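**Q** PDB, C-alpha atoms, file query14.pdb:
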MODEL        1
ATOM      1  CA  MET T  87       0.946  46.686  38.341
ATOM      2  CA  ILE T  88      -2.783  46.135  37.902
ATOM      3  CA  LEU T  89      -4.172  42.979  39.454
ATOM      4  CA  LEU T  90      -7.668  41.579  39.056
ATOM      5  CA  HIS T  91      -8.592  41.949  42.710
ATOM      6  CA  HIS T  92      -8.470  45.759  42.259
ATOM      7  CA  PHE T  93     -11.591  45.624  40.034
ATOM      8  CA  SER T  94     -15.058  45.457  41.532
ATOM      9  CA  TRP T  95     -17.905  43.362  40.118
ATOM     10  CA  GLN T  96     -19.684  46.551  39.112
ATOM     11  CA  GLN T  97     -16.706  47.709  37.031
ATOM     12  CA  PHE T  98     -16.452  44.268  35.436
ATOM     13  CA  GLY T  99     -20.157  44.254  34.527
ATOM     14  CA  ILE T 100     -20.021  47.716  32.965
ATOM     15  CA  ALA T 101     -16.928  46.786  30.915
ATOM     16  CA  ALA T 102     -18.553  43.537  29.743
ATOM     17  CA  ILE T 103     -21.755  45.342  28.684
ATOM     18  CA  VAL T 104     -19.842  48.097  26.839
ATOM     19  CA  LEU T 105     -17.660  45.569  24.974
ATOM     20  CA  ALA T 106     -20.723  43.429  24.076
ATOM     21  CA  VAL T 107     -22.564  46.473  22.708
ATOM     22  CA  ILE T 108     -19.522  47.438  20.626
ATOM     23  CA  TRP T 109     -19.149  43.848  19.336
ATOM     24  CA  TYR T 110     -22.801  43.452  18.343
ATOM     25  CA  GLY T 111     -22.803  46.944  16.840
ATOM     26  CA  ILE T 112     -19.950  45.964  14.546
ATOM     27  CA  ILE T 113     -21.752  42.740  13.606
ATOM     28  CA  TRP T 114     -24.940  44.665  12.861
ATOM     29  CA  LEU T 115     -23.087  47.230  10.724
ATOM     30  CA  VAL T 116     -21.282  44.582   8.695
ATOM     31  CA  TYR T 117     -24.118  42.090   8.113
ATOM     32  CA  TYR T 118     -27.474  43.798   8.667
ATOM     33  CA  ARG T 119     -26.934  47.304   7.428
ATOM     34  CA  LYS T 120     -29.369  48.361   4.697
ATOM     35  CA  SER T 121     -28.310  50.379   1.705
ATOM     36  CA  PRO T 122     -29.404  54.049   1.679
ATOM     37  CA  GLN T 123     -31.805  53.420  -1.241
ATOM     38  CA  GLU T 124     -33.596  50.672   0.672
ATOM     39  CA  LEU T 125     -33.942  52.939   3.690
ATOM     40  CA  ASN T 126     -35.536  55.686   1.563
ATOM     41  CA  ASN T 127     -38.025  53.353  -0.140
ATOM     42  CA  GLY T 128     -38.820  51.432   2.999
ATOM     43  CA  THR T 129     -38.660  48.154   1.146
ATOM     44  CA  ALA T 130     -35.779  45.877   1.828
ATOM     45  CA  THR T 131     -35.802  42.911  -0.533
ATOM     46  CA  ARG T 132     -33.188  40.315  -0.330
ATOM     47  CA  GLU T 133     -32.010  38.128  -3.171
ATOM     48  CA  ARG T 134     -32.217  34.457  -2.506
ATOM     49  CA  LEU T 135     -29.012  32.491  -2.833
ATOM     50  CA  ALA T 136     -28.876  29.924  -5.597
ATOM     51  CA  HIS T 137     -28.675  26.335  -4.418
ATOM     52  CA  TYR T 138     -27.007  23.660  -6.522
ATOM     53  CA  TRP T 139     -29.578  21.042  -5.579
ATOM     54  CA  ALA T 140     -32.458  23.106  -6.998
ATOM     55  CA  GLU T 141     -31.021  22.658 -10.488
ATOM     56  CA  ALA T 142     -30.033  19.068  -9.835
ATOM     57  CA  GLU T 143     -33.580  18.017  -8.880
ATOM     58  CA  GLU T 144     -34.654  18.822 -12.402
ATOM     59  CA  GLN T 145     -32.101  16.447 -13.886
ATOM     60  CA  GLU T 146     -33.022  12.773 -13.947
ATOM     61  CA  GLU T 147     -29.525  11.294 -13.534
ATOM     62  CA  TYR T 148     -28.582  13.214 -10.415
ATOM     63  CA  GLU T 149     -27.142  11.175  -7.552
ATOM     64  CA  PRO T 150     -26.446  13.121  -4.372
ATOM     65  CA  PHE T 151     -23.363  11.071  -3.454
ATOM     66  CA  GLY T 152     -22.033  10.401  -6.933
ATOM     67  CA  ASN T 153     -21.508   7.111  -8.686
ATOM     68  CA  ALA T 154     -20.087   4.165  -6.816
ATOM     69  CA  ALA T 155     -16.429   3.551  -7.555
ATOM     70  CA  GLU T 156     -15.075   0.073  -8.082
ATOM     71  CA  VAL T 157     -12.593  -1.257  -5.591
ATOM     72  CA  GLU T 158      -9.029  -0.853  -6.785
ATOM     73  CA  SER T 159      -7.446  -4.026  -8.181
ATOM     74  CA  VAL T 160     -10.837  -5.616  -8.830
ATOM     75  CA  SER T 161     -11.753  -6.169 -12.427
ATOM     76  CA  LEU T 162     -14.786  -7.587 -14.106
ATOM     77  CA  ALA T 163     -14.373 -10.464 -16.518
ATOM     78  CA  THR T 164     -16.701 -12.584 -18.558
ATOM     79  CA  SER T 165     -16.733 -16.344 -18.262
ATOM     80  CA  ASP T 166     -14.811 -16.547 -21.547
ATOM     81  CA  GLY T 167     -11.924 -14.597 -20.020
ATOM     82  CA  ILE T 168     -11.284 -17.116 -17.249
ATOM     83  CA  SER T 169      -9.430 -20.355 -17.870
ATOM     84  CA  PHE T 170      -7.705 -22.932 -15.742
ATOM     85  CA  ALA T 171      -4.517 -24.860 -16.413
ATOM     86  CA  GLY T 172      -4.930 -28.453 -17.426
ATOM     87  CA  LYS T 173      -3.625 -31.382 -15.439
ATOM     88  CA  PRO T 174      -0.058 -32.459 -16.206
ATOM     89  CA  GLN T 175       0.279 -35.545 -18.371
ATOM     90  CA  ASN T 176       1.402 -38.923 -16.938
ATOM     91  CA  GLY T 177       1.124 -37.706 -13.343
ATOM     92  CA  GLU T 178       4.320 -35.607 -13.575
ATOM     93  CA  ARG T 179       4.607 -32.006 -12.588
ATOM     94  CA  GLU T 180       4.861 -29.423 -15.295
ATOM     95  CA  ASN T 181       8.336 -27.944 -15.770
ATOM     96  CA  THR T 182       7.234 -24.320 -16.260
ATOM     97  CA  GLU T 183       9.121 -21.139 -15.525
ATOM     98  CA  ASP T 184       6.725 -20.292 -12.678
ATOM     99  CA  ALA T 185       7.330 -23.656 -11.026
ATOM    100  CA  MET T 186      11.101 -23.204 -11.343
ATOM    101  CA  ARG T 187      10.934 -19.754  -9.800
ATOM    102  CA  GLY T 188       9.800 -21.309  -6.542
ATOM    103  CA  LEU T 189      12.257 -24.218  -6.607
ATOM    104  CA  ILE T 190      15.486 -22.299  -7.154
ATOM    105  CA  PRO T 191      15.486 -20.429  -3.802
ATOM    106  CA  ASP T 192      14.623 -23.682  -2.028
ATOM    107  CA  VAL T 193      17.522 -25.500  -3.674
ATOM    108  CA  LEU T 194      19.945 -22.707  -2.839
ATOM    109  CA  GLU T 195      18.872 -22.758   0.808
ATOM    110  CA  GLU T 196      19.433 -26.491   1.028
ATOM    111  CA  ILE T 197      22.837 -26.175  -0.625
ATOM    112  CA  LYS T 198      23.736 -23.424   1.859
ATOM    113  CA  SER T 199      22.824 -25.701   4.741
ATOM    114  CA  ILE T 200      24.962 -28.512   3.259
ATOM    115  CA  VAL T 201      27.936 -26.176   2.825
ATOM    116  CA  HIS T 202      27.485 -24.894   6.378
ATOM    117  CA  THR T 203      27.287 -28.442   7.748
ATOM    118  CA  VAL T 204      30.423 -29.513   5.861
ATOM    119  CA  GLU T 205      32.345 -26.430   7.097
ATOM    120  CA  ILE T 206      31.340 -26.912  10.739
ATOM    121  CA  LYS T 207      32.048 -30.647  10.797
ATOM    122  CA  GLY T 208      35.301 -30.227   8.885
ATOM    123  CA  GLY T 209      34.059 -32.381   6.026
ATOM    124  CA  SER T 210      35.684 -32.923   2.668
ATOM    125  CA  LYS T 211      34.591 -32.671  -0.926
ATOM    126  CA  GLU T 212      33.358 -36.276  -0.814
ATOM    127  CA  ASP T 213      31.116 -35.468   2.179
ATOM    128  CA  PHE T 214      29.633 -32.540   0.265
ATOM    129  CA  ILE T 215      29.000 -34.716  -2.795
ATOM    130  CA  SER T 216      27.324 -37.439  -0.739
ATOM    131  CA  LEU T 217      25.047 -34.912   1.024
ATOM    132  CA  PHE T 218      24.319 -33.230  -2.299
ATOM    133  CA  LYS T 219      22.930 -36.477  -3.703
ATOM    134  CA  LEU T 220      19.914 -35.998  -1.407
ATOM    135  CA  VAL T 221      19.279 -32.528  -2.870
ATOM    136  CA  SER T 222      19.756 -33.860  -6.389
ATOM    137  CA  ALA T 223      17.176 -36.561  -5.789
ATOM    138  CA  LYS T 224      14.707 -34.160  -4.186
ATOM    139  CA  TYR T 225      14.973 -31.531  -6.937
ATOM    140  CA  GLY T 226      15.388 -33.770  -9.971
ATOM    141  CA  ARG T 227      13.231 -31.444 -12.044
ATOM    142  CA  LEU T 228      16.087 -28.936 -12.123
ATOM    143  CA  LYS T 229      18.257 -31.307 -14.213
ATOM    144  CA  THR T 230      16.497 -30.125 -17.379
ATOM    145  CA  SER T 231      16.247 -26.475 -16.370
ATOM    146  CA  HIS T 232      18.265 -23.717 -17.982
ATOM    147  CA  HIS T 233      18.864 -22.373 -14.456
ATOM    148  CA  LEU T 234      21.150 -25.301 -13.659
ATOM    149  CA  GLU T 235      24.229 -23.527 -15.022
ATOM    150  CA  ALA T 236      23.661 -20.513 -12.744
ATOM    151  CA  ILE T 237      23.171 -22.819  -9.747
ATOM    152  CA  ASN T 238      26.432 -24.624 -10.578
ATOM    153  CA  GLU T 239      28.260 -21.292 -10.767
ATOM    154  CA  TRP T 240      26.829 -20.370  -7.375
ATOM    155  CA  ILE T 241      28.073 -23.707  -5.983
ATOM    156  CA  ALA T 242      31.558 -23.030  -7.374
ATOM    157  CA  ASP T 243      31.629 -19.568  -5.789
ATOM    158  CA  ASN T 244      30.315 -20.586  -2.369
ATOM    159  CA  THR T 245      31.879 -23.946  -1.542
ATOM    160  CA  PRO T 246      35.081 -24.035   0.539
ATOM    161  CA  PHE T 247      36.766 -26.449  -1.890
ATOM    162  CA  ASN T 248      37.316 -26.405  -5.623
ATOM    163  CA  LEU T 249      34.875 -28.356  -7.747
ATOM    164  CA  THR T 250      35.679 -28.761 -11.396
ATOM    165  CA  GLY T 251      33.018 -28.112 -14.015
ATOM    166  CA  GLU T 252      32.680 -31.832 -14.643
ATOM    167  CA  GLU T 253      32.173 -32.525 -10.912
ATOM    168  CA  ARG T 254      29.479 -29.847 -10.661
ATOM    169  CA  TRP T 255      27.546 -31.400 -13.565
ATOM    170  CA  GLN T 256      27.953 -34.858 -12.045
ATOM    171  CA  LEU T 257      26.352 -33.630  -8.820
ATOM    172  CA  TRP T 258      22.974 -33.613 -10.578
ATOM    173  CA  GLU T 259      23.194 -37.120 -12.060
TER     174      GLU T 259
ENDMDL
END
Let me see the file written as structure tokens.

**A**
Amino acid sequence: MILLHHFSWQQFGIAAIVLAVIWYGIIWLVYYRKSPQELNNGTATRERLAHYWAEAEEQEEYEPFGNAAEVESVSLATSDGISFAGKPQNGERENTEDAMRGLIPDVLEEIKSIVHTVEIKGGSKEDFISLFKLVSAKYGRLKTSHHLEAINEWIADNTPFNLTGEERWQLWE
């Protein structure tokens, strides 16, 4: 087994010099060797590499970093393309589909809390109806919505007691 302490500094230096000469000799042969014709003539001319910016400087519209890109999801609009919704008439809120989309989850959450309260307290159908009157008053706008039928079906499916169709419609009055 050969260990490093068997080598002297003189042997290390000679090995390092020999390997460096071999390495730089290979580099010189690969990159700096002249062709035999250039050696005979004594003139070694090198071709200059073409640079892309030399051609680009001649063009007037050249930008070294390219054109600026617009931020994604930002769009330009003229003042004619922007409009605002008008105020609702007679001080009432507008009964639009967007407004209903926000109310329906709120109503369902309140109904869930009423059902949960009635189940925990051991309440009856009458207790549910009396608590539901508060929700009906708070969300009166839903009385004219086409979503009311789906909400009534959800009530029928999720209450612990049977409500007839007539009773479910009377909840909202």

**Q** Suppose you want the space between atom CA of Thr203 of chain T and atom CA of Ser231 of chain T; what is it in Å?

**A**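 Computing the Euclidean distance for atom CA of Thr203 of chain T and atom CA of Ser231 of chain T yields 26.6 Å.
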
**Q** Rounded to one decimal place, report the atom CA of Asn238 of chain T-atom CA of Trp255 of chain T distance in Å.

**A**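 Straight-line distance from atom CA of Asn238 of chain T to atom CA of Trp255 of chain T works out to 7.5 Å.
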
**Q** Using all atoms listed in the file for the distances, tell me which of T:Leu90, T:Ile241, T:Leu162, T:Ile100 is nearest to Lys198 of chain T.

**A**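 Using all atoms listed in the file, the shortest distance to Lys198 of chain T belongs to T:Ile241.
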
**Q** If I take atom CA of Lys229 of chain T and atom CA of Glu259 of chain T, how far is one from the other in Å, to one decimal?

**A**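 Atom-to-atom, atom CA of Lys229 of chain T to atom CA of Glu259 of chain T, that is 7.9 Å.
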
**Q** Might you pull out every residue within 10 Å of Phe218 of chain T, with all atoms listed in the file counted and same-chain residues fewer than 6 positions away left off, and present them as a short mmCIF file (atom, residue, chain, number, x, y, z; two decimals) with C-alpha atoms, in the coordinates of the input?

**A**
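Saved result, around_25.cif, follows:
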data_model
loop_
_atom_site.label_atom_id
_atom_site.label_comp_id
_atom_site.auth_asym_id
_atom_site.auth_seq_id
_atom_site.Cartn_x
_atom_site.Cartn_y
_atom_site.Cartn_z
CA GLU T 196 19.43 -26.49 1.03
CA ILE T 197 22.84 -26.18 -0.62
CA ILE T 200 24.96 -28.51 3.26
CA VAL T 201 27.94 -26.18 2.82
CA GLU T 212 33.36 -36.28 -0.81
CA LYS T 224 14.71 -34.16 -4.19
CA LEU T 257 26.35 -33.63 -8.82
CA TRP T 258 22.97 -33.61 -10.58
#

**Q** Need the shell around Ile215 of chain T: protein/DNA/RNA residues with any atom at most 10 Å away, counting all atoms listed in the file. Skip same-chain ones fewer than 2 positions apart. Format as a compact mmCIF listing (two decimals) with C-alpha atoms, keeping the file's coordinate frame?

**A**
# COMPACT_ATOMS: atom_id res chain seq x y z
CA ILE T 200 24.96 -28.51 3.26
CA SER T 210 35.68 -32.92 2.67
CA LYS T 211 34.59 -32.67 -0.93
CA GLU T 212 33.36 -36.28 -0.81
CA ASP T 213 31.12 -35.47 2.18
CA LEU T 217 25.05 -34.91 1.02
CA PHE T 218 24.32 -33.23 -2.30
CA LYS T 219 22.93 -36.48 -3.70
CA LEU T 220 19.91 -36.00 -1.41
CA VAL T 221 19.28 -32.53 -2.87
CA SER T 222 19.76 -33.86 -6.39
CA LEU T 249 34.88 -28.36 -7.75
CA GLU T 253 32.17 -32.52 -10.91
CA ARG T 254 29.48 -29.85 -10.66
CA GLN T 256 27.95 -34.86 -12.04
CA LEU T 257 26.35 -33.63 -8.82
CA TRP T 258 22.97 -33.61 -10.58

**Q** Give me segment 234-258 of chain T with N, CA and C atoms filled in, as a tab-separated table (two decimals), in the frame of the given file.

**A**
chain	number	residue	atom	x	y	z
T	234	LEU	N	20.17	-24.40	-14.27
T	234	LEU	CA	21.15	-25.30	-13.66
T	234	LEU	C	22.57	-24.74	-13.76
T	235	GLU	N	22.88	-24.09	-14.86
T	235	GLU	CA	24.23	-23.53	-15.02
T	235	GLU	C	24.49	-22.43	-13.99
T	236	ALA	N	23.50	-21.58	-13.75
T	236	ALA	CA	23.66	-20.51	-12.74
T	236	ALA	C	23.80	-21.10	-11.34
T	237	ILE	N	23.06	-22.16	-11.06
T	237	ILE	CA	23.17	-22.82	-9.75
T	237	ILE	C	24.56	-23.43	-9.59
T	238	ASN	N	25.08	-24.05	-10.65
T	238	ASN	CA	26.43	-24.62	-10.58
T	238	ASN	C	27.49	-23.55	-10.37
T	239	GLU	N	27.32	-22.40	-11.00
T	239	GLU	CA	28.26	-21.29	-10.77
T	239	GLU	C	28.19	-20.82	-9.32
T	240	TRP	N	26.98	-20.77	-8.78
T	240	TRP	CA	26.83	-20.37	-7.38
T	240	TRP	C	27.52	-21.38	-6.46
T	241	ILE	N	27.41	-22.66	-6.77
T	241	ILE	CA	28.07	-23.71	-5.98
T	241	ILE	C	29.59	-23.51	-6.04
T	242	ALA	N	30.11	-23.22	-7.23
T	242	ALA	CA	31.56	-23.03	-7.37
T	242	ALA	C	32.04	-21.83	-6.57
T	243	ASP	N	31.23	-20.78	-6.51
T	243	ASP	CA	31.63	-19.57	-5.79
T	243	ASP	C	31.51	-19.71	-4.28
T	244	ASN	N	30.62	-20.56	-3.80
T	244	ASN	CA	30.32	-20.59	-2.37
T	244	ASN	C	30.74	-21.83	-1.63
T	245	THR	N	31.40	-22.76	-2.26
T	245	THR	CA	31.88	-23.95	-1.54
T	245	THR	C	33.32	-23.71	-1.10
T	246	PRO	N	33.73	-24.27	0.03
T	246	PRO	CA	35.08	-24.04	0.54
T	246	PRO	C	36.16	-24.83	-0.20
T	247	PHE	N	35.80	-25.65	-1.14
T	247	PHE	CA	36.77	-26.45	-1.89
T	247	PHE	C	36.47	-26.28	-3.38
T	248	ASN	N	37.45	-26.58	-4.19
T	248	ASN	CA	37.32	-26.40	-5.62
T	248	ASN	C	36.63	-27.61	-6.25
T	249	LEU	N	35.57	-27.33	-6.98
T	249	LEU	CA	34.88	-28.36	-7.75
T	249	LEU	C	35.08	-28.03	-9.22
T	250	THR	N	35.51	-28.99	-9.97
T	250	THR	CA	35.68	-28.76	-11.40
T	250	THR	C	34.30	-28.69	-12.06
T	251	GLY	N	34.27	-28.20	-13.28
T	251	GLY	CA	33.02	-28.11	-14.02
T	251	GLY	C	32.38	-29.47	-14.20
T	252	GLU	N	33.19	-30.47	-14.46
T	252	GLU	CA	32.68	-31.83	-14.64
T	252	GLU	C	32.06	-32.36	-13.35
T	253	GLU	N	32.70	-32.06	-12.21
T	253	GLU	CA	32.17	-32.52	-10.91
T	253	GLU	C	30.84	-31.83	-10.58
T	254	ARG	N	30.74	-30.56	-10.93
T	254	ARG	CA	29.48	-29.85	-10.66
T	254	ARG	C	28.35	-30.43	-11.49
T	255	TRP	N	28.59	-30.80	-12.75
T	255	TRP	CA	27.55	-31.40	-13.56
T	255	TRP	C	27.22	-32.80	-13.09
T	256	GLN	N	28.20	-33.50	-12.53
T	256	GLN	CA	27.95	-34.86	-12.04
T	256	GLN	C	27.15	-34.85	-10.75
T	257	LEU	N	27.15	-33.71	-10.05
T	257	LEU	CA	26.35	-33.63	-8.82
T	257	LEU	C	24.87	-33.89	-9.09
T	258	TRP	N	24.40	-33.52	-10.26
T	258	TRP	CA	22.97	-33.61	-10.58
T	258	TRP	C	22.58	-34.96	-11.18
